[in-house]
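Participant: Here you go, final15.txt (compact mmCIF, N, CA and C atoms):
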```txt
# COMPACT_ATOMS: atom_id res chain seq x y z
N MET N 1 144.09 8.12 68.04
CA MET N 1 143.45 6.95 68.60
C MET N 1 142.78 6.17 67.50
N TYR N 2 142.86 4.86 67.54
CA TYR N 2 142.07 4.06 66.64
C TYR N 2 141.53 2.86 67.39
N ALA N 3 140.39 2.44 66.99
CA ALA N 3 139.77 1.25 67.58
C ALA N 3 139.34 0.36 66.44
N ALA N 4 139.42 -0.92 66.67
CA ALA N 4 139.04 -1.86 65.61
C ALA N 4 137.61 -2.34 65.83
N VAL N 5 136.79 -2.17 64.84
CA VAL N 5 135.47 -2.77 64.82
C VAL N 5 135.48 -3.72 63.64
N PHE N 6 135.26 -4.97 63.91
CA PHE N 6 135.38 -6.00 62.89
C PHE N 6 134.03 -6.30 62.26
N CYS N 7 134.02 -6.58 60.99
CA CYS N 7 132.78 -6.92 60.29
C CYS N 7 133.02 -8.09 59.35
N ASN N 8 131.99 -8.90 59.18
CA ASN N 8 132.04 -9.91 58.14
C ASN N 8 130.78 -9.79 57.31
N LEU N 9 130.76 -10.41 56.15
CA LEU N 9 129.66 -10.22 55.22
C LEU N 9 128.32 -10.64 55.80
N GLU N 10 128.30 -11.69 56.62
CA GLU N 10 127.04 -12.15 57.21
C GLU N 10 126.39 -11.04 58.03
N ILE N 11 127.18 -10.31 58.80
CA ILE N 11 126.64 -9.22 59.61
C ILE N 11 126.31 -8.02 58.74
N MET N 12 127.05 -7.84 57.67
CA MET N 12 126.84 -6.69 56.81
C MET N 12 125.47 -6.71 56.14
N VAL N 13 124.88 -7.86 55.99
CA VAL N 13 123.61 -7.95 55.29
C VAL N 13 122.43 -8.20 56.23
N THR N 14 122.61 -7.94 57.50
CA THR N 14 121.54 -8.14 58.46
C THR N 14 121.15 -6.81 59.10
N PRO N 15 119.95 -6.77 59.68
CA PRO N 15 119.53 -5.54 60.39
C PRO N 15 120.44 -5.20 61.56
N ARG N 16 121.23 -6.16 62.01
CA ARG N 16 122.13 -5.90 63.13
C ARG N 16 123.13 -4.79 62.80
N LEU N 17 123.49 -4.65 61.55
CA LEU N 17 124.44 -3.61 61.17
C LEU N 17 123.91 -2.23 61.52
N GLU N 18 122.64 -1.98 61.25
CA GLU N 18 122.06 -0.67 61.60
C GLU N 18 122.11 -0.45 63.10
N THR N 19 121.85 -1.48 63.87
CA THR N 19 121.91 -1.38 65.32
C THR N 19 123.33 -1.06 65.78
N LEU N 20 124.32 -1.73 65.18
CA LEU N 20 125.71 -1.47 65.52
C LEU N 20 126.12 -0.05 65.15
N CYS N 21 125.70 0.41 63.98
CA CYS N 21 126.04 1.77 63.55
C CYS N 21 125.40 2.81 64.46
N THR N 22 124.18 2.57 64.87
CA THR N 22 123.48 3.49 65.77
C THR N 22 124.20 3.55 67.12
N ALA N 23 124.58 2.39 67.65
CA ALA N 23 125.30 2.36 68.93
C ALA N 23 126.65 3.05 68.79
N LEU N 24 127.33 2.80 67.70
CA LEU N 24 128.62 3.44 67.45
C LEU N 24 128.46 4.96 67.37
N ALA N 25 127.44 5.41 66.67
CA ALA N 25 127.18 6.85 66.54
C ALA N 25 126.99 7.49 67.91
N GLN N 26 126.25 6.83 68.77
CA GLN N 26 125.99 7.37 70.11
C GLN N 26 127.29 7.52 70.90
N VAL N 27 128.15 6.52 70.81
CA VAL N 27 129.43 6.57 71.53
C VAL N 27 130.31 7.68 70.97
N LEU N 28 130.39 7.77 69.64
CA LEU N 28 131.23 8.79 69.02
C LEU N 28 130.74 10.20 69.35
N ILE N 29 129.45 10.41 69.29
CA ILE N 29 128.89 11.73 69.61
C ILE N 29 129.17 12.08 71.08
N ALA N 30 128.96 11.13 71.96
CA ALA N 30 129.19 11.37 73.38
C ALA N 30 130.66 11.71 73.66
N ARG N 31 131.56 11.08 72.93
CA ARG N 31 133.00 11.31 73.12
C ARG N 31 133.55 12.45 72.26
N LYS N 32 132.67 13.04 71.44
CA LYS N 32 133.07 14.11 70.52
C LYS N 32 134.19 13.65 69.59
N LEU N 33 134.01 12.44 69.06
CA LEU N 33 134.95 11.86 68.12
C LEU N 33 134.29 11.73 66.76
N SER N 34 135.12 11.61 65.74
CA SER N 34 134.61 11.31 64.41
C SER N 34 135.21 9.98 63.97
N MET N 35 134.71 9.45 62.88
CA MET N 35 135.09 8.13 62.43
C MET N 35 135.59 8.16 61.00
N VAL N 36 136.59 7.35 60.75
CA VAL N 36 137.12 7.12 59.41
C VAL N 36 137.15 5.61 59.20
N THR N 37 136.77 5.17 58.01
CA THR N 37 136.83 3.74 57.71
C THR N 37 137.91 3.47 56.67
N ALA N 38 138.50 2.30 56.77
CA ALA N 38 139.40 1.78 55.75
C ALA N 38 138.86 0.40 55.41
N GLU N 39 138.27 0.28 54.24
CA GLU N 39 137.61 -0.96 53.86
C GLU N 39 138.27 -1.60 52.65
N SER N 40 138.13 -2.90 52.58
CA SER N 40 138.62 -3.65 51.43
C SER N 40 137.51 -4.54 50.92
N CYS N 41 137.37 -5.73 51.47
CA CYS N 41 136.39 -6.70 50.98
C CYS N 41 134.95 -6.21 51.09
N THR N 42 134.66 -5.33 52.01
CA THR N 42 133.30 -4.81 52.17
C THR N 42 132.98 -3.72 51.15
N GLY N 43 133.96 -3.25 50.43
CA GLY N 43 133.75 -2.33 49.31
C GLY N 43 132.99 -1.06 49.63
N GLY N 44 133.12 -0.54 50.84
CA GLY N 44 132.46 0.70 51.22
C GLY N 44 131.13 0.51 51.92
N LEU N 45 130.74 -0.74 52.15
CA LEU N 45 129.44 -1.01 52.76
C LEU N 45 129.36 -0.49 54.20
N ILE N 46 130.47 -0.52 54.92
CA ILE N 46 130.46 -0.01 56.29
C ILE N 46 130.20 1.50 56.27
N ALA N 47 130.93 2.21 55.42
CA ALA N 47 130.74 3.66 55.31
C ALA N 47 129.32 3.98 54.85
N ALA N 48 128.82 3.24 53.89
CA ALA N 48 127.46 3.47 53.39
C ALA N 48 126.44 3.25 54.49
N SER N 49 126.64 2.22 55.29
CA SER N 49 125.70 1.94 56.39
C SER N 49 125.73 3.05 57.43
N CYS N 50 126.89 3.56 57.70
CA CYS N 50 127.01 4.65 58.68
C CYS N 50 126.36 5.92 58.15
N THR N 51 126.61 6.25 56.91
CA THR N 51 126.11 7.52 56.37
C THR N 51 124.63 7.48 56.02
N GLN N 52 124.01 6.30 56.09
CA GLN N 52 122.56 6.23 55.92
C GLN N 52 121.82 6.74 57.15
N LEU N 53 122.53 6.83 58.27
CA LEU N 53 121.90 7.31 59.50
C LEU N 53 121.78 8.83 59.44
N SER N 54 120.63 9.33 59.81
CA SER N 54 120.42 10.77 59.85
C SER N 54 121.40 11.41 60.83
N GLY N 55 122.02 12.49 60.41
CA GLY N 55 122.95 13.21 61.28
C GLY N 55 124.36 12.65 61.29
N SER N 56 124.64 11.70 60.42
CA SER N 56 125.96 11.05 60.45
C SER N 56 127.11 12.01 60.13
N SER N 57 126.81 13.13 59.49
CA SER N 57 127.90 14.08 59.20
C SER N 57 128.49 14.65 60.48
N ALA N 58 127.81 14.51 61.60
CA ALA N 58 128.34 14.99 62.88
C ALA N 58 129.45 14.09 63.41
N TRP N 59 129.52 12.86 62.91
CA TRP N 59 130.51 11.93 63.45
C TRP N 59 131.24 11.09 62.40
N PHE N 60 130.77 11.08 61.16
CA PHE N 60 131.46 10.32 60.12
C PHE N 60 132.31 11.26 59.28
N GLU N 61 133.62 11.07 59.32
CA GLU N 61 134.57 11.95 58.64
C GLU N 61 134.77 11.58 57.18
N ARG N 62 135.17 10.33 56.92
CA ARG N 62 135.44 9.88 55.55
C ARG N 62 135.69 8.39 55.53
N GLY N 63 135.71 7.84 54.33
CA GLY N 63 135.99 6.42 54.16
C GLY N 63 136.95 6.18 53.01
N PHE N 64 137.81 5.21 53.20
CA PHE N 64 138.73 4.78 52.15
C PHE N 64 138.31 3.38 51.72
N VAL N 65 138.04 3.20 50.44
CA VAL N 65 137.75 1.88 49.90
C VAL N 65 138.98 1.46 49.11
N THR N 66 139.70 0.50 49.66
CA THR N 66 140.96 0.08 49.06
C THR N 66 140.89 -1.41 48.76
N TYR N 67 140.12 -1.73 47.77
CA TYR N 67 139.88 -3.13 47.43
C TYR N 67 141.14 -3.80 46.88
N SER N 68 141.85 -3.13 46.00
CA SER N 68 143.05 -3.74 45.41
C SER N 68 144.25 -3.54 46.33
N ASN N 69 145.24 -4.40 46.15
CA ASN N 69 146.48 -4.26 46.91
C ASN N 69 147.15 -2.93 46.59
N ALA N 70 147.10 -2.55 45.32
CA ALA N 70 147.71 -1.27 44.91
C ALA N 70 147.06 -0.11 45.64
N ALA N 71 145.74 -0.14 45.78
CA ALA N 71 145.04 0.94 46.49
C ALA N 71 145.45 1.00 47.95
N LYS N 72 145.62 -0.15 48.58
CA LYS N 72 146.07 -0.18 49.98
C LYS N 72 147.43 0.52 50.11
N SER N 73 148.30 0.25 49.15
CA SER N 73 149.64 0.86 49.19
C SER N 73 149.61 2.33 48.79
N GLU N 74 148.91 2.64 47.69
CA GLU N 74 148.93 4.01 47.16
C GLU N 74 148.15 4.99 48.04
N LEU N 75 146.97 4.60 48.49
CA LEU N 75 146.13 5.52 49.26
C LEU N 75 146.46 5.53 50.75
N LEU N 76 146.81 4.37 51.28
CA LEU N 76 147.02 4.28 52.72
C LEU N 76 148.48 4.10 53.12
N GLY N 77 149.33 3.80 52.15
CA GLY N 77 150.74 3.62 52.48
C GLY N 77 151.06 2.29 53.12
N VAL N 78 150.18 1.30 52.97
CA VAL N 78 150.47 -0.04 53.51
C VAL N 78 151.57 -0.64 52.65
N ALA N 79 152.59 -1.12 53.29
CA ALA N 79 153.73 -1.66 52.57
C ALA N 79 153.34 -2.87 51.72
N ALA N 80 153.73 -2.83 50.46
CA ALA N 80 153.45 -3.95 49.56
C ALA N 80 154.06 -5.24 50.11
N SER N 81 155.21 -5.13 50.75
CA SER N 81 155.86 -6.32 51.32
C SER N 81 155.02 -6.93 52.44
N LEU N 82 154.32 -6.09 53.22
CA LEU N 82 153.45 -6.61 54.27
C LEU N 82 152.26 -7.34 53.65
N ILE N 83 151.68 -6.75 52.63
CA ILE N 83 150.54 -7.39 51.94
C ILE N 83 150.97 -8.72 51.35
N GLU N 84 152.14 -8.74 50.73
CA GLU N 84 152.64 -9.97 50.11
C GLU N 84 152.93 -11.04 51.16
N ALA N 85 153.55 -10.64 52.26
CA ALA N 85 153.96 -11.59 53.29
C ALA N 85 152.77 -12.12 54.10
N GLN N 86 151.82 -11.24 54.43
CA GLN N 86 150.73 -11.61 55.34
C GLN N 86 149.41 -11.90 54.63
N GLY N 87 149.23 -11.36 53.43
CA GLY N 87 147.97 -11.52 52.71
C GLY N 87 147.12 -10.27 52.86
N ALA N 88 146.41 -9.93 51.81
CA ALA N 88 145.62 -8.69 51.78
C ALA N 88 144.52 -8.65 52.83
N VAL N 89 144.02 -9.79 53.24
CA VAL N 89 142.91 -9.80 54.21
C VAL N 89 143.37 -10.27 55.60
N SER N 90 144.66 -10.14 55.87
CA SER N 90 145.20 -10.55 57.17
C SER N 90 144.93 -9.49 58.23
N GLU N 91 145.02 -9.91 59.47
CA GLU N 91 144.86 -8.97 60.58
C GLU N 91 145.95 -7.91 60.56
N GLU N 92 147.16 -8.31 60.19
CA GLU N 92 148.28 -7.37 60.16
C GLU N 92 148.04 -6.25 59.15
N VAL N 93 147.53 -6.60 57.97
CA VAL N 93 147.24 -5.59 56.95
C VAL N 93 146.07 -4.72 57.40
N ALA N 94 145.05 -5.33 57.99
CA ALA N 94 143.92 -4.56 58.47
C ALA N 94 144.36 -3.55 59.53
N LYS N 95 145.23 -3.95 60.42
CA LYS N 95 145.75 -3.03 61.44
C LYS N 95 146.54 -1.89 60.79
N ALA N 96 147.35 -2.23 59.78
CA ALA N 96 148.12 -1.20 59.08
C ALA N 96 147.18 -0.22 58.39
N MET N 97 146.07 -0.71 57.86
CA MET N 97 145.09 0.17 57.22
C MET N 97 144.50 1.13 58.25
N ALA N 98 144.16 0.61 59.43
CA ALA N 98 143.58 1.45 60.48
C ALA N 98 144.57 2.51 60.96
N VAL N 99 145.80 2.10 61.18
CA VAL N 99 146.82 3.04 61.63
C VAL N 99 147.02 4.12 60.56
N ALA N 100 147.03 3.71 59.30
CA ALA N 100 147.23 4.66 58.20
C ALA N 100 146.12 5.71 58.17
N THR N 101 144.88 5.30 58.40
CA THR N 101 143.79 6.28 58.35
C THR N 101 143.96 7.33 59.43
N SER N 102 144.47 6.91 60.59
CA SER N 102 144.63 7.89 61.67
C SER N 102 145.77 8.86 61.37
N SER N 103 146.72 8.46 60.53
CA SER N 103 147.79 9.39 60.17
C SER N 103 147.39 10.31 59.02
N LEU N 104 146.33 9.96 58.30
CA LEU N 104 145.87 10.76 57.16
C LEU N 104 144.76 11.74 57.51
N THR N 105 144.24 11.66 58.72
CA THR N 105 143.10 12.48 59.11
C THR N 105 143.32 13.08 60.49
N ALA N 106 142.41 13.97 60.88
CA ALA N 106 142.43 14.54 62.22
C ALA N 106 142.17 13.43 63.23
N PRO N 107 142.47 13.66 64.50
CA PRO N 107 142.21 12.63 65.52
C PRO N 107 140.77 12.13 65.46
N CYS N 108 140.65 10.83 65.40
CA CYS N 108 139.32 10.23 65.26
C CYS N 108 139.39 8.76 65.64
N ALA N 109 138.27 8.11 65.56
CA ALA N 109 138.22 6.67 65.74
C ALA N 109 138.32 6.05 64.35
N SER N 110 139.32 5.25 64.13
CA SER N 110 139.55 4.64 62.83
C SER N 110 139.04 3.21 62.85
N MET N 111 138.19 2.88 61.90
CA MET N 111 137.58 1.56 61.88
C MET N 111 138.11 0.74 60.72
N ARG N 112 138.35 -0.51 60.99
CA ARG N 112 138.78 -1.40 59.94
C ARG N 112 137.91 -2.64 59.95
N GLU N 113 137.87 -3.32 58.84
CA GLU N 113 137.08 -4.53 58.75
C GLU N 113 137.94 -5.74 59.03
N GLY N 114 137.30 -6.89 59.32
CA GLY N 114 138.09 -8.08 59.49
C GLY N 114 137.41 -9.29 60.09
N ALA N 115 136.65 -9.18 61.19
CA ALA N 115 136.03 -10.36 61.80
C ALA N 115 134.62 -10.02 62.25
N THR N 116 134.23 -10.36 63.46
CA THR N 116 132.85 -10.18 63.90
C THR N 116 132.74 -9.12 64.99
N PRO N 117 131.83 -8.14 64.85
CA PRO N 117 131.69 -7.10 65.87
C PRO N 117 130.95 -7.59 67.11
N SER N 118 131.22 -6.95 68.21
CA SER N 118 130.51 -7.26 69.44
C SER N 118 130.40 -5.98 70.24
N ASN N 119 129.61 -6.03 71.30
CA ASN N 119 129.50 -4.86 72.16
C ASN N 119 130.84 -4.49 72.78
N SER N 120 131.70 -5.48 73.01
CA SER N 120 133.01 -5.18 73.59
C SER N 120 133.86 -4.35 72.63
N ASP N 121 133.65 -4.53 71.31
CA ASP N 121 134.37 -3.72 70.35
C ASP N 121 133.95 -2.26 70.49
N LEU N 122 132.66 -2.01 70.67
CA LEU N 122 132.18 -0.64 70.86
C LEU N 122 132.64 -0.10 72.20
N ALA N 123 132.71 -0.95 73.20
CA ALA N 123 133.14 -0.51 74.53
C ALA N 123 134.58 -0.02 74.50
N ALA N 124 135.37 -0.51 73.55
CA ALA N 124 136.76 -0.04 73.44
C ALA N 124 136.83 1.45 73.17
N LEU N 125 135.77 2.00 72.60
CA LEU N 125 135.74 3.43 72.33
C LEU N 125 135.35 4.23 73.57
N GLU N 126 134.68 3.59 74.52
CA GLU N 126 134.17 4.31 75.68
C GLU N 126 135.25 4.53 76.72
```
Taking this structure as input, can you express it in the form of structure tokens?
Facilitator:
Amino acid sequence: MYAAVFCNLEIMVTPRLETLCTALAQVLIARKLSMVTAESCTGGLIAASCTQLSGSSAWFERGFVTYSNAAKSELLGVAASLIEAQGAVSEEVAKAMAVATSSLTAPCASMREGATPSNSDLAALE
């Protein structure tokens, strides 16, 4: 299973991110799920924000920071042709990153970056 939680830099630098991470943690714990991130432009900030929460090891599995196109292909197996055709920050590439994380790890909620988070994004996990 994977769910998309979208983030943009404006949200990444506000207190709202901690609120979102806390809400996400509660949903994951309740569902007995863990989380994996695949990040690019955020450079690991999503994973860092999650792991700053006390007890995050109960629900945060790992994070992939794949800033370069080569890293997306080498670490996650995203096709270079997809990156070239759609662009490294396209929705299609972000989805491929999320799908790849779920194939590289145990069943979990796979998060990818891309747009703006909302409560409905978290509800997708419930």
Participant: Rounded to one decimal in Å, what is the spacing between atom N of Ser73 of chain N and atom C of Leu24 of chain N?
Facilitator: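 These two atoms are separated by 27.3 Å.
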Participant: How far is it from atom CA of Leu20 of chain N to atom CA of Cys41 of chain N, in Å with one decimal?
Facilitator: 18.8 Å
Participant: How many Å separate atom CA of Ala96 of chain N from atom C of Ala38 of chain N?
Facilitator: 10.1 Å
Participant: Using only C-alpha atoms, find the one residue out of N:Ala58, N:Ala70, N:Val99, N:Ala47 that sits nearest to Ser34 of chain N.
Facilitator: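 When distances to Ser34 of chain N are compared using only C-alpha atoms, the smallest one comes from N:Ala58.
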Participant: Which residues are close to Leu75 of chain N, i.e. within 8 Å by all atoms listed in the file, leaving aside same-chain residues fewer than 6 positions away? Reply as a list in words.
Facilitator: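 What passes the distance filter is Phe64, Thr66, Asn69, Ala100 and Thr101 of chain N.
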Participant: What are the DSSP strand (DSSP E or B) residues of segment 6-88 of chain N, as a PyMOL selection string?
Facilitator: chain N and resi 35-39+60-65
Participant: Determine, counting all atoms listed in the file, which protein, DNA and RNA residues have an atom within 8 Å of an atom of Phe60 of chain N; residues of the same chain fewer than 3 positions away are not included. Present the result as a short mmCIF file (atom, residue, chain, number, x, y, z; two decimals) with N, CA and C atoms, keeping the file's coordinate frame.
Facilitator:
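The resulting file, selection21.cif, is reproduced below:
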```
data_model
loop_
_atom_site.label_atom_id
_atom_site.label_comp_id
_atom_site.auth_asym_id
_atom_site.auth_seq_id
_atom_site.Cartn_x
_atom_site.Cartn_y
_atom_site.Cartn_z
N ALA N 25 127.44 5.41 66.67
CA ALA N 25 127.18 6.85 66.54
C ALA N 25 126.99 7.49 67.91
N LEU N 33 134.01 12.44 69.06
CA LEU N 33 134.95 11.86 68.12
C LEU N 33 134.29 11.73 66.76
N SER N 34 135.12 11.61 65.74
CA SER N 34 134.61 11.31 64.41
C SER N 34 135.21 9.98 63.97
N MET N 35 134.71 9.45 62.88
CA MET N 35 135.09 8.13 62.43
C MET N 35 135.59 8.16 61.00
N VAL N 36 136.59 7.35 60.75
CA VAL N 36 137.12 7.12 59.41
C VAL N 36 137.15 5.61 59.20
N THR N 37 136.77 5.17 58.01
CA THR N 37 136.83 3.74 57.71
C THR N 37 137.91 3.47 56.67
N CYS N 50 126.89 3.56 57.70
CA CYS N 50 127.01 4.65 58.68
C CYS N 50 126.36 5.92 58.15
N THR N 51 126.61 6.25 56.91
CA THR N 51 126.11 7.52 56.37
C THR N 51 124.63 7.48 56.02
N GLY N 55 122.02 12.49 60.41
CA GLY N 55 122.95 13.21 61.28
C GLY N 55 124.36 12.65 61.29
N SER N 56 124.64 11.70 60.42
CA SER N 56 125.96 11.05 60.45
C SER N 56 127.11 12.01 60.13
N SER N 57 126.81 13.13 59.49
CA SER N 57 127.90 14.08 59.20
C SER N 57 128.49 14.65 60.48
N GLY N 63 135.71 7.84 54.33
CA GLY N 63 135.99 6.42 54.16
C GLY N 63 136.95 6.18 53.01
#
```
Participant: So, counting only C-alpha atoms, which residue among N:Glu61, N:Glu39, N:Glu92, N:Glu18 is closest to Leu104 of chain N?
Facilitator: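 Going through N:Glu61, N:Glu39, N:Glu92, N:Glu18 one by one, the smallest distance to Leu104 of chain N is for N:Glu61.
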